[in-house]
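start30.cif (mmCIF, C-alpha atoms) appears below.
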```
data_protein
#
loop_
_atom_site.label_atom_id
_atom_site.label_comp_id
_atom_site.auth_asym_id
_atom_site.auth_seq_id
_atom_site.Cartn_x
_atom_site.Cartn_y
_atom_site.Cartn_z
CA MET A 30 -6.17 -19.02 -14.29
CA PRO A 31 -4.17 -16.24 -16.00
CA ARG A 32 -1.39 -17.74 -18.05
CA SER A 33 1.19 -15.44 -16.44
CA VAL A 34 0.67 -17.19 -13.09
CA LEU A 35 2.00 -20.45 -14.48
CA GLY A 36 5.63 -19.42 -14.84
CA VAL A 37 8.19 -17.72 -12.65
CA CYS A 38 9.44 -14.50 -14.18
CA LEU A 39 13.15 -14.37 -13.56
CA ALA A 40 13.58 -10.62 -13.41
CA MET A 41 14.44 -7.70 -11.10
CA GLN A 42 17.84 -8.68 -9.77
CA LEU A 43 19.58 -12.04 -9.58
CA PHE A 44 16.81 -14.59 -9.87
CA VAL A 45 18.51 -17.96 -9.97
CA ALA A 46 16.78 -21.30 -9.90
CA PRO A 47 15.77 -22.24 -6.35
CA GLY A 48 16.79 -25.38 -4.60
CA PHE A 49 19.82 -24.38 -2.56
CA ALA A 50 18.90 -25.09 1.04
CA ALA A 51 21.19 -22.40 2.33
CA ASP A 52 19.68 -19.66 0.15
CA ILE A 53 16.93 -17.37 1.38
CA ASN A 54 13.98 -17.47 -1.03
CA VAL A 55 11.72 -14.41 -1.00
CA GLY A 56 8.44 -14.88 -2.84
CA ILE A 57 6.92 -11.82 -4.50
CA ILE A 58 3.33 -11.92 -5.75
CA LEU A 59 2.10 -8.68 -7.32
CA SER A 60 -0.31 -7.49 -10.00
CA ALA A 61 1.80 -7.20 -13.14
CA THR A 62 -1.42 -7.40 -15.20
CA GLY A 63 -5.10 -6.73 -14.58
CA PRO A 64 -6.89 -3.65 -13.17
CA ALA A 65 -4.27 -3.15 -10.39
CA ALA A 66 -1.28 -3.50 -12.74
CA ALA A 67 -0.15 0.12 -12.42
CA ILE A 68 0.10 -0.33 -8.65
CA GLY A 69 1.63 -3.80 -8.85
CA ASN A 70 4.33 -2.78 -11.28
CA ALA A 71 5.26 0.19 -9.10
CA GLU A 72 5.54 -2.21 -6.15
CA ARG A 73 7.67 -4.54 -8.22
CA ASN A 74 10.01 -1.65 -8.98
CA GLY A 75 10.34 -1.04 -5.25
CA THR A 76 11.46 -4.61 -4.58
CA ILE A 77 14.51 -4.42 -6.86
CA PHE A 78 16.39 -2.54 -4.15
CA GLY A 79 16.41 -5.62 -1.93
CA PRO A 80 19.85 -6.98 -0.98
CA THR A 81 21.22 -10.00 -2.85
CA GLU A 82 22.99 -11.20 0.30
CA ILE A 83 22.09 -10.98 3.99
CA ALA A 84 24.33 -12.25 6.80
CA GLY A 85 26.34 -14.30 4.35
CA LYS A 86 23.26 -15.95 2.80
CA LYS A 87 22.36 -15.48 -0.84
CA VAL A 88 18.88 -14.05 -1.40
CA ASN A 89 16.73 -15.13 -4.35
CA TYR A 90 13.68 -13.04 -5.29
CA LEU A 91 11.04 -15.17 -7.03
CA PHE A 92 8.22 -13.27 -8.75
CA LEU A 93 4.77 -14.34 -9.92
CA ASP A 94 1.94 -12.24 -11.34
CA GLU A 95 -1.38 -12.45 -9.47
CA ALA A 96 -3.12 -10.61 -12.34
CA SER A 97 -5.30 -8.65 -9.88
CA ASP A 98 -7.18 -11.89 -9.18
CA SER A 99 -7.55 -13.54 -5.77
CA THR A 100 -7.72 -17.07 -7.18
CA ALA A 101 -4.50 -16.44 -9.10
CA ALA A 102 -2.88 -15.03 -5.96
CA VAL A 103 -3.57 -18.24 -4.04
CA ALA A 104 -2.35 -20.39 -6.93
CA ALA A 105 0.83 -18.33 -7.15
CA LEU A 106 1.51 -18.62 -3.42
CA ARG A 107 1.05 -22.38 -3.48
CA LYS A 108 3.31 -22.71 -6.51
CA LEU A 109 6.09 -20.66 -4.94
CA TYR A 110 5.93 -22.56 -1.69
CA GLN A 111 5.60 -26.05 -3.12
CA GLU A 112 8.20 -25.63 -5.87
CA SER A 113 10.62 -23.10 -4.36
CA LYS A 114 10.09 -23.45 -0.60
CA ILE A 115 9.90 -19.68 -0.13
CA ASP A 116 10.74 -18.42 3.36
CA ILE A 117 8.62 -15.27 3.26
CA LEU A 118 6.17 -13.59 0.89
CA VAL A 119 5.94 -9.95 -0.17
CA GLY A 120 2.47 -9.16 -1.53
CA PRO A 121 -0.11 -9.59 -2.90
CA THR A 122 -0.97 -6.18 -4.33
CA SER A 123 -4.74 -6.29 -4.03
CA THR A 124 -6.86 -6.41 -0.91
CA PRO A 125 -8.95 -9.38 -2.13
CA GLY A 126 -5.78 -11.26 -3.09
CA SER A 127 -4.22 -10.54 0.28
CA PHE A 128 -7.26 -11.83 2.16
CA ALA A 129 -7.25 -14.96 0.01
CA ALA A 130 -3.56 -15.52 0.76
CA ILE A 131 -4.09 -15.77 4.51
CA ASP A 132 -5.33 -19.38 4.55
CA PRO A 133 -2.41 -20.89 2.58
CA ALA A 134 0.04 -18.74 4.56
CA VAL A 135 -1.35 -20.17 7.80
CA GLU A 136 -1.25 -23.68 6.32
CA TYR A 137 2.43 -23.32 5.39
CA LYS A 138 3.31 -21.24 8.48
CA LEU A 139 4.69 -18.66 6.07
CA PRO A 140 5.24 -15.02 7.10
CA VAL A 141 3.66 -12.53 4.69
CA ILE A 142 4.26 -8.80 4.28
CA THR A 143 1.17 -7.72 2.38
CA LEU A 144 1.17 -4.45 0.45
CA ALA A 145 -2.61 -4.01 0.68
CA PRO A 146 -3.90 -1.25 3.00
CA VAL A 147 -6.93 -2.65 4.84
CA ASN A 148 -6.34 -3.03 8.58
CA ALA A 149 -8.53 -6.13 8.84
CA LEU A 150 -5.74 -8.05 7.13
CA VAL A 151 -3.59 -7.75 10.23
CA ALA A 152 -5.95 -6.93 13.08
CA PRO A 153 -6.76 -8.29 15.49
CA VAL A 154 -3.56 -10.32 15.68
CA ASP A 155 -4.95 -13.81 16.20
CA ALA A 156 -3.84 -17.36 15.37
CA ARG A 157 -4.26 -16.66 11.65
CA ARG A 158 -3.13 -13.05 11.38
CA ARG A 159 0.00 -13.68 13.43
CA TRP A 160 1.60 -14.59 10.08
CA ILE A 161 0.55 -11.39 8.29
CA PHE A 162 2.26 -7.99 8.45
CA LYS A 163 1.91 -4.89 6.30
CA THR A 164 3.84 -1.79 5.29
CA THR A 165 0.85 0.44 4.62
CA THR A 166 -1.07 2.81 6.84
CA ASN A 167 -4.64 2.08 7.93
CA ASP A 168 -7.70 3.76 6.48
CA ASP A 169 -8.25 5.64 9.75
CA HIS A 170 -4.67 6.95 9.58
CA GLU A 171 -5.49 8.40 6.16
CA ALA A 172 -8.87 9.73 7.22
CA THR A 173 -7.72 11.51 10.39
CA PRO A 174 -5.98 14.55 8.80
CA LEU A 175 -8.76 14.86 6.20
CA PHE A 176 -11.60 14.92 8.70
CA ALA A 177 -9.66 17.21 11.04
CA ASN A 178 -9.42 19.67 8.15
CA MET A 179 -13.11 19.28 7.33
CA LYS A 180 -14.06 20.04 10.91
CA LYS A 181 -11.66 22.99 11.03
CA THR A 182 -13.06 24.50 7.83
CA GLY A 183 -16.71 24.03 8.79
CA VAL A 184 -17.78 21.17 6.53
CA LYS A 185 -21.28 20.10 7.58
CA LYS A 186 -22.25 17.80 4.71
CA LEU A 187 -19.95 15.33 2.99
CA ALA A 188 -20.46 13.03 0.02
CA LEU A 189 -18.25 10.04 -0.78
CA ILE A 190 -17.52 8.47 -4.14
CA GLY A 191 -15.17 5.50 -4.28
CA PHE A 192 -14.22 2.26 -5.95
CA GLY A 193 -16.93 -0.39 -5.94
CA ASP A 194 -14.73 -3.00 -4.27
CA SER A 195 -13.23 -3.78 -0.87
CA TYR A 196 -11.15 -0.57 -1.02
CA GLY A 197 -14.23 1.61 -1.48
CA ASP A 198 -16.22 -0.43 1.05
CA ALA A 199 -13.53 0.14 3.68
CA TRP A 200 -13.73 3.87 3.04
CA SER A 201 -17.52 3.81 3.34
CA LYS A 202 -17.12 2.41 6.83
CA VAL A 203 -14.34 4.71 7.98
CA SER A 204 -16.10 7.77 6.52
CA ALA A 205 -19.34 6.93 8.31
CA ASP A 206 -17.44 6.53 11.59
CA MET A 207 -15.40 9.71 11.10
CA CYS A 208 -18.46 11.73 10.08
CA LYS A 209 -20.30 10.66 13.21
CA ALA A 210 -17.35 11.61 15.42
CA ALA A 211 -16.91 15.00 13.71
CA GLY A 212 -20.61 15.92 13.59
CA ILE A 213 -20.65 15.81 9.78
CA GLU A 214 -23.62 14.45 7.83
CA LEU A 215 -22.75 11.88 5.16
CA VAL A 216 -25.25 12.79 2.45
CA GLY A 217 -24.05 10.47 -0.31
CA ASP A 218 -22.03 7.29 -0.83
CA GLU A 219 -21.56 6.40 -4.49
CA LYS A 220 -19.44 3.68 -6.09
CA TYR A 221 -17.81 3.13 -9.48
CA ALA A 222 -15.58 0.53 -11.12
CA ARG A 223 -11.87 1.15 -11.61
CA THR A 224 -12.38 0.71 -15.35
CA ASP A 225 -15.40 3.05 -15.73
CA THR A 226 -15.10 5.89 -18.22
CA THR A 227 -17.88 8.03 -16.78
CA VAL A 228 -19.44 8.65 -13.37
CA VAL A 229 -21.89 11.35 -14.43
CA GLY A 230 -24.86 9.53 -12.89
CA GLN A 231 -23.15 9.30 -9.53
CA ILE A 232 -21.98 12.92 -9.70
CA LEU A 233 -25.48 14.20 -10.40
CA LYS A 234 -26.78 12.32 -7.34
CA ILE A 235 -24.01 13.79 -5.22
CA MET A 236 -24.62 17.34 -6.38
CA ALA A 237 -28.36 16.98 -5.75
CA ALA A 238 -27.53 16.21 -2.10
CA GLY A 239 -25.74 19.58 -1.72
CA PRO A 240 -22.52 18.53 0.04
CA ASP A 241 -20.00 21.11 1.29
CA ALA A 242 -17.20 18.70 0.34
CA VAL A 243 -16.66 15.49 -1.62
CA LEU A 244 -14.21 12.72 -0.74
CA ILE A 245 -12.89 10.56 -3.58
CA ALA A 246 -11.85 7.12 -2.32
CA ALA A 247 -9.81 5.90 -5.28
CA SER A 248 -6.25 5.71 -6.57
CA GLY A 249 -4.15 6.69 -9.56
CA ALA A 250 -5.68 7.72 -12.87
CA PRO A 251 -9.20 6.41 -12.01
CA ALA A 252 -9.31 8.86 -9.08
CA ALA A 253 -9.19 11.75 -11.56
CA LEU A 254 -12.53 10.84 -13.16
CA PRO A 255 -14.88 11.96 -10.35
CA LEU A 256 -12.91 15.18 -9.79
CA LEU A 257 -13.01 16.16 -13.46
CA GLN A 258 -16.71 15.41 -13.78
CA LEU A 259 -17.53 17.23 -10.54
CA ARG A 260 -15.82 20.35 -11.90
CA GLU A 261 -17.39 19.84 -15.33
CA LYS A 262 -20.83 19.89 -13.71
CA GLY A 263 -19.98 23.07 -11.83
CA TYR A 264 -19.26 21.75 -8.35
CA GLU A 265 -17.35 24.45 -6.44
CA GLY A 266 -16.98 22.81 -3.03
CA GLN A 267 -13.81 21.40 -1.49
CA ILE A 268 -12.59 18.06 -2.78
CA TYR A 269 -10.58 15.55 -0.75
CA GLY A 270 -8.75 12.45 -1.93
CA THR A 271 -7.29 9.34 -0.33
CA LEU A 272 -3.62 8.46 -0.33
CA GLY A 273 -3.94 6.66 -3.66
CA ALA A 274 -4.58 9.96 -5.45
CA THR A 275 -0.91 10.85 -4.98
CA PHE A 276 -0.02 8.00 -7.34
CA GLY A 277 0.23 7.76 -11.10
CA ASP A 278 -1.35 10.10 -13.61
CA PHE A 279 -3.79 11.85 -11.26
CA ARG A 280 -1.85 15.15 -11.39
CA LYS A 281 -1.38 14.97 -15.15
CA LEU A 282 -5.02 14.16 -15.86
CA THR A 283 -6.56 16.73 -13.51
CA GLY A 284 -4.18 19.60 -14.31
CA ALA A 285 -5.38 22.92 -12.97
CA GLN A 286 -8.69 21.34 -11.92
CA GLY A 287 -6.87 19.29 -9.31
CA GLU A 288 -5.20 22.24 -7.64
CA GLY A 289 -6.04 22.50 -3.95
CA ILE A 290 -7.33 18.96 -3.42
CA PHE A 291 -6.48 17.81 0.09
CA VAL A 292 -4.96 14.36 0.64
CA PRO A 293 -3.18 12.41 3.38
CA LEU A 294 0.49 12.80 2.43
CA SER A 295 3.21 10.19 2.89
CA PRO A 296 6.91 11.04 3.19
CA ALA A 297 7.49 8.58 0.32
CA VAL A 298 5.94 11.24 -1.91
CA GLY A 299 6.42 14.59 -0.18
CA ALA A 300 9.41 14.17 2.15
CA ALA A 301 11.07 17.40 1.00
CA SER A 302 8.16 19.41 2.41
CA PHE A 303 8.11 17.58 5.76
CA PRO A 304 9.73 19.26 8.80
CA ASP A 305 13.44 18.57 9.23
CA ASP A 306 12.82 16.90 12.58
CA TYR A 307 10.43 14.34 11.08
CA PRO A 308 11.95 10.96 12.14
CA ALA A 309 11.69 9.26 8.73
CA LYS A 310 12.61 12.25 6.57
CA LYS A 311 16.19 11.09 5.91
CA ALA A 312 15.11 7.55 5.02
CA ALA A 313 12.30 8.81 2.78
CA LEU A 314 14.59 11.20 0.95
CA GLU A 315 17.05 8.35 0.40
CA PHE A 316 14.27 6.23 -1.08
CA ILE A 317 13.23 9.09 -3.38
CA GLN A 318 16.81 9.68 -4.51
CA ARG A 319 17.47 6.00 -5.23
CA TYR A 320 14.12 5.40 -6.89
CA GLU A 321 14.16 8.47 -9.12
CA ALA A 322 17.78 7.84 -10.10
CA LYS A 323 16.59 4.57 -11.61
CA PHE A 324 13.07 5.37 -12.79
CA GLY A 325 13.21 9.09 -13.51
CA PRO A 326 12.27 12.42 -11.89
CA GLY A 327 8.84 12.48 -10.32
CA SER A 328 8.48 8.68 -10.40
CA ARG A 329 8.40 8.23 -6.59
CA ASN A 330 5.17 6.81 -5.21
CA ILE A 331 3.69 5.21 -2.12
CA PHE A 332 3.30 1.76 -3.67
CA ALA A 333 6.96 1.43 -4.60
CA GLY A 334 7.71 2.77 -1.12
CA SER A 335 5.68 0.00 0.53
CA ALA A 336 7.62 -2.69 -1.34
CA TYR A 337 10.95 -0.93 -0.75
CA ASP A 338 10.20 -0.90 2.98
CA ALA A 339 9.19 -4.59 2.93
CA VAL A 340 12.65 -5.67 1.75
CA ILE A 341 14.24 -3.40 4.38
CA LEU A 342 12.23 -5.24 7.05
CA ILE A 343 13.33 -8.60 5.69
CA GLU A 344 16.97 -7.47 5.72
CA ARG A 345 16.64 -6.40 9.36
CA ALA A 346 14.84 -9.59 10.43
CA VAL A 347 17.02 -12.24 8.76
CA PRO A 348 20.04 -12.15 11.14
CA ALA A 349 17.86 -12.93 14.15
CA ALA A 350 15.91 -15.58 12.22
CA LEU A 351 19.12 -17.37 11.22
CA LYS A 352 19.74 -18.09 14.90
CA THR A 353 16.59 -20.22 14.95
CA GLY A 354 17.15 -22.35 11.84
CA GLU A 355 18.34 -22.60 8.26
CA PRO A 356 16.41 -21.08 5.32
CA GLY A 357 13.86 -23.50 3.92
CA THR A 358 12.83 -24.79 7.34
CA ALA A 359 9.77 -24.21 9.49
CA GLU A 360 12.07 -22.95 12.25
CA PHE A 361 13.48 -20.24 10.00
CA ARG A 362 10.01 -19.13 8.87
CA GLU A 363 8.87 -18.86 12.48
CA GLY A 364 12.12 -17.05 13.27
CA LEU A 365 11.40 -14.50 10.53
CA ARG A 366 7.86 -14.02 11.77
CA SER A 367 9.05 -13.48 15.32
CA ALA A 368 11.90 -11.18 14.25
CA ILE A 369 9.62 -8.92 12.19
CA GLU A 370 7.17 -8.78 15.09
CA GLY A 371 10.02 -7.54 17.27
CA LEU A 372 11.28 -4.78 14.96
CA LYS A 373 11.24 -1.29 16.47
CA GLY A 374 12.27 2.13 15.20
CA ILE A 375 12.93 1.06 11.60
CA ALA A 376 12.83 4.18 9.40
CA GLY A 377 11.59 3.57 5.88
CA SER A 378 10.14 5.52 2.99
CA ARG A 379 6.65 5.56 4.51
CA GLY A 380 7.51 6.25 8.14
CA VAL A 381 8.98 4.62 11.22
CA TYR A 382 7.95 0.99 11.79
CA ASN A 383 7.26 -0.34 15.28
CA TYR A 384 5.75 -3.82 15.31
CA GLY A 385 4.64 -5.87 18.30
CA PRO A 386 2.64 -8.97 19.28
CA ASN A 387 -0.58 -6.94 19.00
CA ASP A 388 0.46 -4.61 16.18
CA HIS A 389 1.30 -5.96 12.74
CA THR A 390 0.67 -2.62 11.00
CA GLY A 391 3.92 -1.09 12.22
CA LEU A 392 3.08 2.44 11.12
CA ASP A 393 1.00 4.87 13.14
CA GLN A 394 -0.65 8.24 12.61
CA SER A 395 2.74 9.99 12.38
CA ALA A 396 3.30 8.31 8.99
CA LEU A 397 0.83 10.72 7.35
CA THR A 398 0.12 14.42 7.42
CA LEU A 399 -2.34 16.68 5.61
CA GLY A 400 -1.14 17.48 2.12
CA LYS A 401 -2.46 19.24 -0.93
CA LEU A 402 -1.76 19.65 -4.61
CA ASP A 403 -0.04 23.00 -5.06
CA LYS A 404 1.28 24.12 -8.45
CA GLY A 405 1.39 20.53 -9.59
CA GLU A 406 3.31 19.22 -6.54
CA TRP A 407 2.17 17.30 -3.49
CA ILE A 408 3.23 19.28 -0.42
CA ALA A 409 2.63 19.05 3.31
CA VAL A 410 0.22 21.60 4.78
CA ARG A 411 1.77 23.24 7.81
#
```

Could you write out this file's structure as structure tokens?
Amino acid sequence: MPRSVLGVCLAMQLFVAPGFAADINVGIILSATGPAAAIGNAERNGTIFGPTEIAGKKVNYLFLDEASDSTAAVAALRKLYQESKIDILVGPTSTPGSFAAIDPAVEYKLPVITLAPVNALVAPVDARRRWIFKTTTNDDHEATPLFANMKKTGVKKLALIGFGDSYGDAWSKVSADMCKAAGIELVGDEKYARTDTTVVGQILKIMAAGPDAVLIAASGAPAALPLLQLREKGYEGQIYGTLGATFGDFRKLTGAQGEGIFVPLSPAVGAASFPDDYPAKKAALEFIQRYEAKFGPGSRNIFAGSAYDAVILIERAVPAALKTGEPGTAEFREGLRSAIEGLKGIAGSRGVYNYGPNDHTGLDQSALTLGKLDKGEWIAVR
């Protein structure tokens, strides 16, 4: 087990020792180290905007590193619950860690707001998933504007290259489904590791298949690698990216080569270019202003936005939950679960959240639009 999982990091805001029955204890398990550290640390930044008091109750935020490891994520959850009696969990960062966290969450009857994107974490809402919510869009939400653009522009053959993990596997499935619906032939599906330094072999296979367009299912800096090597090998077709490409050093690493790549765009990144009547524009712009005031111009990102929205949801749910029981009790945890499930019309950085007994995603297709990289900025395509 990674050493960092063994101790609580008292950071972010006012992290006092737990043990006060009247306090609300929010557990936070994210990837501060490991392959997903860039994402996890952005998410951690987003959580620091959480309130220190809600409805007269002090709020303690207790953080543990899951080190991008599902075993560590489970160990961290059990530690936080057994030693600190957390009332709700934000995280984990990774999809494997989030799946692994479901069983202990069900065991403890602990509501979880995962920051991982895969819809299977929350759907269908059954006896196990009733405890799990998320603040991320689904893969099909991301894919819809991309495949609509492909169909509009006459793409007949598409190749996919993505991470060789559950993220990439989810995109293999959604791409196959979307291609079938759009009458597009999927002529290649290649994988690579987040830590790879070359994908030349995969790129040569893709180019030999003659696709009209290539979709890169990856995030942050690692998403730049296939694009750069496609261009290096002379590929002139259209390139698409997933939402994760709007994060991190992708723009910096791709430079002029990245210009014109199409992506699904979140208001957490491109709110200024969204129409003025977009329901979450004001909330997204507020997130961007607050976040960049603390972390610097251009630092806004979807992952911080997901965590920022999670603490907004907790703030909105606590007053109702307090009517059912005191923090630290099973009644309060069930009250939080029920209150989050009942939230409607909550505007956050990533869109407007509407949960329900059969919908623990909260966001819908309106949370994303088609975007592209234009002169180094992510902008909505109108």

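Checking A:Leu254, A:Leu314, A:Ala177, A:Ile83 one by one against Val229 of chain A, counting only C-alpha atoms, you find the shortest gap at A:Leu254.
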
Just checking: using all atoms listed in the file, which residue out of A:Gln286, A:Ser302, A:Thr358, A:Ser248 ends up closest to Leu272 of chain A?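 Answer, going by the shortest atom-to-atom distance: A:Ser248.
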
Evaluate the PyMOL selection byres ((chain A and resi 345) around 9) on the structure here and hand back the selected residues as a PDB file with C-alpha atoms, keeping the file's coordinate frame.
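Result written to part18.pdb:
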```pdb
ATOM      1  CA  ILE A  83      22.090 -10.980   3.990  1.00  0.00           C
ATOM      2  CA  VAL A 340      12.650  -5.670   1.750  1.00  0.00           C
ATOM      3  CA  ILE A 341      14.240  -3.400   4.380  1.00  0.00           C
ATOM      4  CA  LEU A 342      12.230  -5.240   7.050  1.00  0.00           C
ATOM      5  CA  ILE A 343      13.330  -8.600   5.690  1.00  0.00           C
ATOM      6  CA  GLU A 344      16.970  -7.470   5.720  1.00  0.00           C
ATOM      7  CA  ALA A 346      14.840  -9.590  10.430  1.00  0.00           C
ATOM      8  CA  VAL A 347      17.020 -12.240   8.760  1.00  0.00           C
ATOM      9  CA  PRO A 348      20.040 -12.150  11.140  1.00  0.00           C
ATOM     10  CA  ALA A 349      17.860 -12.930  14.150  1.00  0.00           C
ATOM     11  CA  ALA A 368      11.900 -11.180  14.250  1.00  0.00           C
ATOM     12  CA  ILE A 369       9.620  -8.920  12.190  1.00  0.00           C
ATOM     13  CA  LEU A 372      11.280  -4.780  14.960  1.00  0.00           C
ATOM     14  CA  ILE A 375      12.930   1.060  11.600  1.00  0.00           C
TER      15      ILE A 375
END
```

Distance criterion (all atoms listed in the file): nearest to Asn330 of chain A out of A:Tyr264, A:Trp407, A:Tyr269, A:Phe361: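 Smallest distance to Asn330 of chain A is found for A:Trp407.
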
For atom CA of Ala210 of chain A and atom CA of Pro240 of chain A, quote the distance in Å rounded to one decimal. 17.6 Å

Choose the residue, out of A:Ile77, A:Leu259, A:Ala71, A:Val381, that has the smallest atom-to-atom separation from Val55 of chain A; count all atoms listed in the file.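 Using all atoms listed in the file, Val55 of chain A sits closest to A:Ile77.
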
Output of the PyMOL selection byres ((chain A and resi 59) around 8), listed as a ChimeraX atom specification: /A:57-58,60-61,69-70,72-73,92-97,120-123

So how far away is atom CA of Ala205 of chain A from atom CA of Leu233 of chain A, in Å?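 Distance between the two atoms: 21.0 Å.
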
So that I can check the surroundings of Arg223 of chain A, please list as a list in words every protein, DNA and RNA residue that reaches within 10 Å of it, counting all atoms listed in the file and ignoring chain neighbours fewer than 3 positions away. Pro64, Ala65, Gly191, Phe192, Gly193, Asp194, Lys220, Thr226, Ala247, Ser248, Gly249, Ala250, Pro251, Ala252 and Leu254 of chain A

Which residues, named as in the file, does the PyMOL selection byres ((chain A and resi 295) around 10) pick out? Answer as a PyMOL selection string. chain A and resi 166+171+272+275+292-294+296-300+303+313+330-331+334+378-380+395-400+407-409

Counting all atoms listed in the file, figure out which residue out of A:Asp116, A:Glu136, A:Asp218, A:Asp169 gets nearest to Ala149 of chain A.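 Closest to Ala149 of chain A, using all atoms listed in the file: A:Asp169.
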
Once 6 Å is added on each side, what centre and edge lengths in Å to one decimal does the axis-aligned box around all listed atoms of segment 343-360 of chain A have, as AutoDock Vina command-line options?
```
--center_x 14.9 --center_y -15.6 --center_z 9.4 --size_x 22.3 --size_y 30.4 --size_z 23.0
```

Within 12 Å of (-9.4, -14.5, 4.5), all atoms listed in the file: residues as number ranges by chain? A: 99, 103, 124-135, 149-152, 157-158, 161

Judged by only C-alpha atoms, the minimum distance to Pro304 of chain A among A:Pro140, A:Glu265, A:Tyr384, A:Val410 is found for A:Val410

Select, counting all atoms listed in the file, all protein, DNA and RNA residues no farther than 9 Å from (-29.1, 16.6, 6.9) in file coordinates, and express the selection as a ChimeraX atom specification. /A:185-186,213-216

Atomic distance atom CA of Ala333 of chain A - atom CA of Leu282 of chain A, expressed in Å with one decimal: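 Calculated distance between atom CA of Ala333 of chain A and atom CA of Leu282 of chain A is 20.8 Å.
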
Which polymer residues have any atom within 7 Å of an atom of Asn387 of chain A, counting all atoms listed in the file, with same-chain residues fewer than 2 positions away left out, as a list in words?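 Final neighbour list, sorted by chain and number: Val154, Gly385 and His389 of chain A.
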
For the selection just defined, write its residues with C-alpha atoms to a file, as a PDB file, in the frame of the given file.
```pdb
ATOM      1  CA  VAL A 154      -3.560 -10.320  15.680  1.00  0.00           C
ATOM      2  CA  GLY A 385       4.640  -5.870  18.300  1.00  0.00           C
ATOM      3  CA  HIS A 389       1.300  -5.960  12.740  1.00  0.00           C
TER       4      HIS A 389
END
```

Incomplete segment 290-306 of chain A brought to N, CA and C atoms, written out as a PDB file, keeping the file's coordinate frame:
```
ATOM      1  N   ILE A 290      -6.741  20.151  -4.033  1.00  0.00           N
ATOM      2  CA  ILE A 290      -7.330  18.960  -3.420  1.00  0.00           C
ATOM      3  C   ILE A 290      -6.491  18.559  -2.215  1.00  0.00           C
ATOM      4  N   PHE A 291      -7.174  18.246  -1.114  1.00  0.00           N
ATOM      5  CA  PHE A 291      -6.480  17.810   0.090  1.00  0.00           C
ATOM      6  C   PHE A 291      -6.363  16.286   0.103  1.00  0.00           C
ATOM      7  N   VAL A 292      -5.212  15.798   0.545  1.00  0.00           N
ATOM      8  CA  VAL A 292      -4.960  14.360   0.640  1.00  0.00           C
ATOM      9  C   VAL A 292      -4.155  14.073   1.900  1.00  0.00           C
ATOM     10  N   PRO A 293      -4.163  12.818   2.376  1.00  0.00           N
ATOM     11  CA  PRO A 293      -3.180  12.410   3.380  1.00  0.00           C
ATOM     12  C   PRO A 293      -1.859  12.228   2.650  1.00  0.00           C
ATOM     13  N   LEU A 294      -0.788  12.807   3.155  1.00  0.00           N
ATOM     14  CA  LEU A 294       0.490  12.800   2.430  1.00  0.00           C
ATOM     15  C   LEU A 294       1.516  11.939   3.152  1.00  0.00           C
ATOM     16  N   SER A 295       2.154  11.065   2.376  1.00  0.00           N
ATOM     17  CA  SER A 295       3.210  10.190   2.890  1.00  0.00           C
ATOM     18  C   SER A 295       4.575  10.802   2.600  1.00  0.00           C
ATOM     19  N   PRO A 296       5.560  10.565   3.481  1.00  0.00           N
ATOM     20  CA  PRO A 296       6.910  11.040   3.190  1.00  0.00           C
ATOM     21  C   PRO A 296       7.498  10.397   1.942  1.00  0.00           C
ATOM     22  N   ALA A 297       7.002   9.230   1.540  1.00  0.00           N
ATOM     23  CA  ALA A 297       7.490   8.580   0.320  1.00  0.00           C
ATOM     24  C   ALA A 297       7.235   9.438  -0.906  1.00  0.00           C
ATOM     25  N   VAL A 298       6.285  10.356  -0.800  1.00  0.00           N
ATOM     26  CA  VAL A 298       5.940  11.240  -1.910  1.00  0.00           C
ATOM     27  C   VAL A 298       6.401  12.671  -1.659  1.00  0.00           C
ATOM     28  N   GLY A 299       6.178  13.172  -0.447  1.00  0.00           N
ATOM     29  CA  GLY A 299       6.420  14.590  -0.180  1.00  0.00           C
ATOM     30  C   GLY A 299       7.448  14.877   0.890  1.00  0.00           C
ATOM     31  N   ALA A 300       8.451  14.027   1.050  1.00  0.00           N
ATOM     32  CA  ALA A 300       9.410  14.170   2.150  1.00  0.00           C
ATOM     33  C   ALA A 300      10.079  15.534   2.184  1.00  0.00           C
ATOM     34  N   ALA A 301      10.364  16.115   1.038  1.00  0.00           N
ATOM     35  CA  ALA A 301      11.070  17.400   1.000  1.00  0.00           C
ATOM     36  C   ALA A 301      10.299  18.500   1.713  1.00  0.00           C
ATOM     37  N   SER A 302       8.968  18.387   1.761  1.00  0.00           N
ATOM     38  CA  SER A 302       8.160  19.410   2.410  1.00  0.00           C
ATOM     39  C   SER A 302       7.836  19.082   3.867  1.00  0.00           C
ATOM     40  N   PHE A 303       8.317  17.939   4.359  1.00  0.00           N
ATOM     41  CA  PHE A 303       8.110  17.580   5.760  1.00  0.00           C
ATOM     42  C   PHE A 303       9.116  18.345   6.633  1.00  0.00           C
ATOM     43  N   PRO A 304       8.789  18.569   7.903  1.00  0.00           N
ATOM     44  CA  PRO A 304       9.730  19.260   8.800  1.00  0.00           C
ATOM     45  C   PRO A 304      11.040  18.500   8.914  1.00  0.00           C
ATOM     46  N   ASP A 305      12.120  19.208   9.143  1.00  0.00           N
ATOM     47  CA  ASP A 305      13.440  18.570   9.230  1.00  0.00           C
ATOM     48  C   ASP A 305      13.549  17.603  10.397  1.00  0.00           C
ATOM     49  N   ASP A 306      12.739  17.791  11.433  1.00  0.00           N
ATOM     50  CA  ASP A 306      12.820  16.900  12.580  1.00  0.00           C
ATOM     51  C   ASP A 306      11.892  15.688  12.452  1.00  0.00           C
TER      52      ASP A 306
END
```
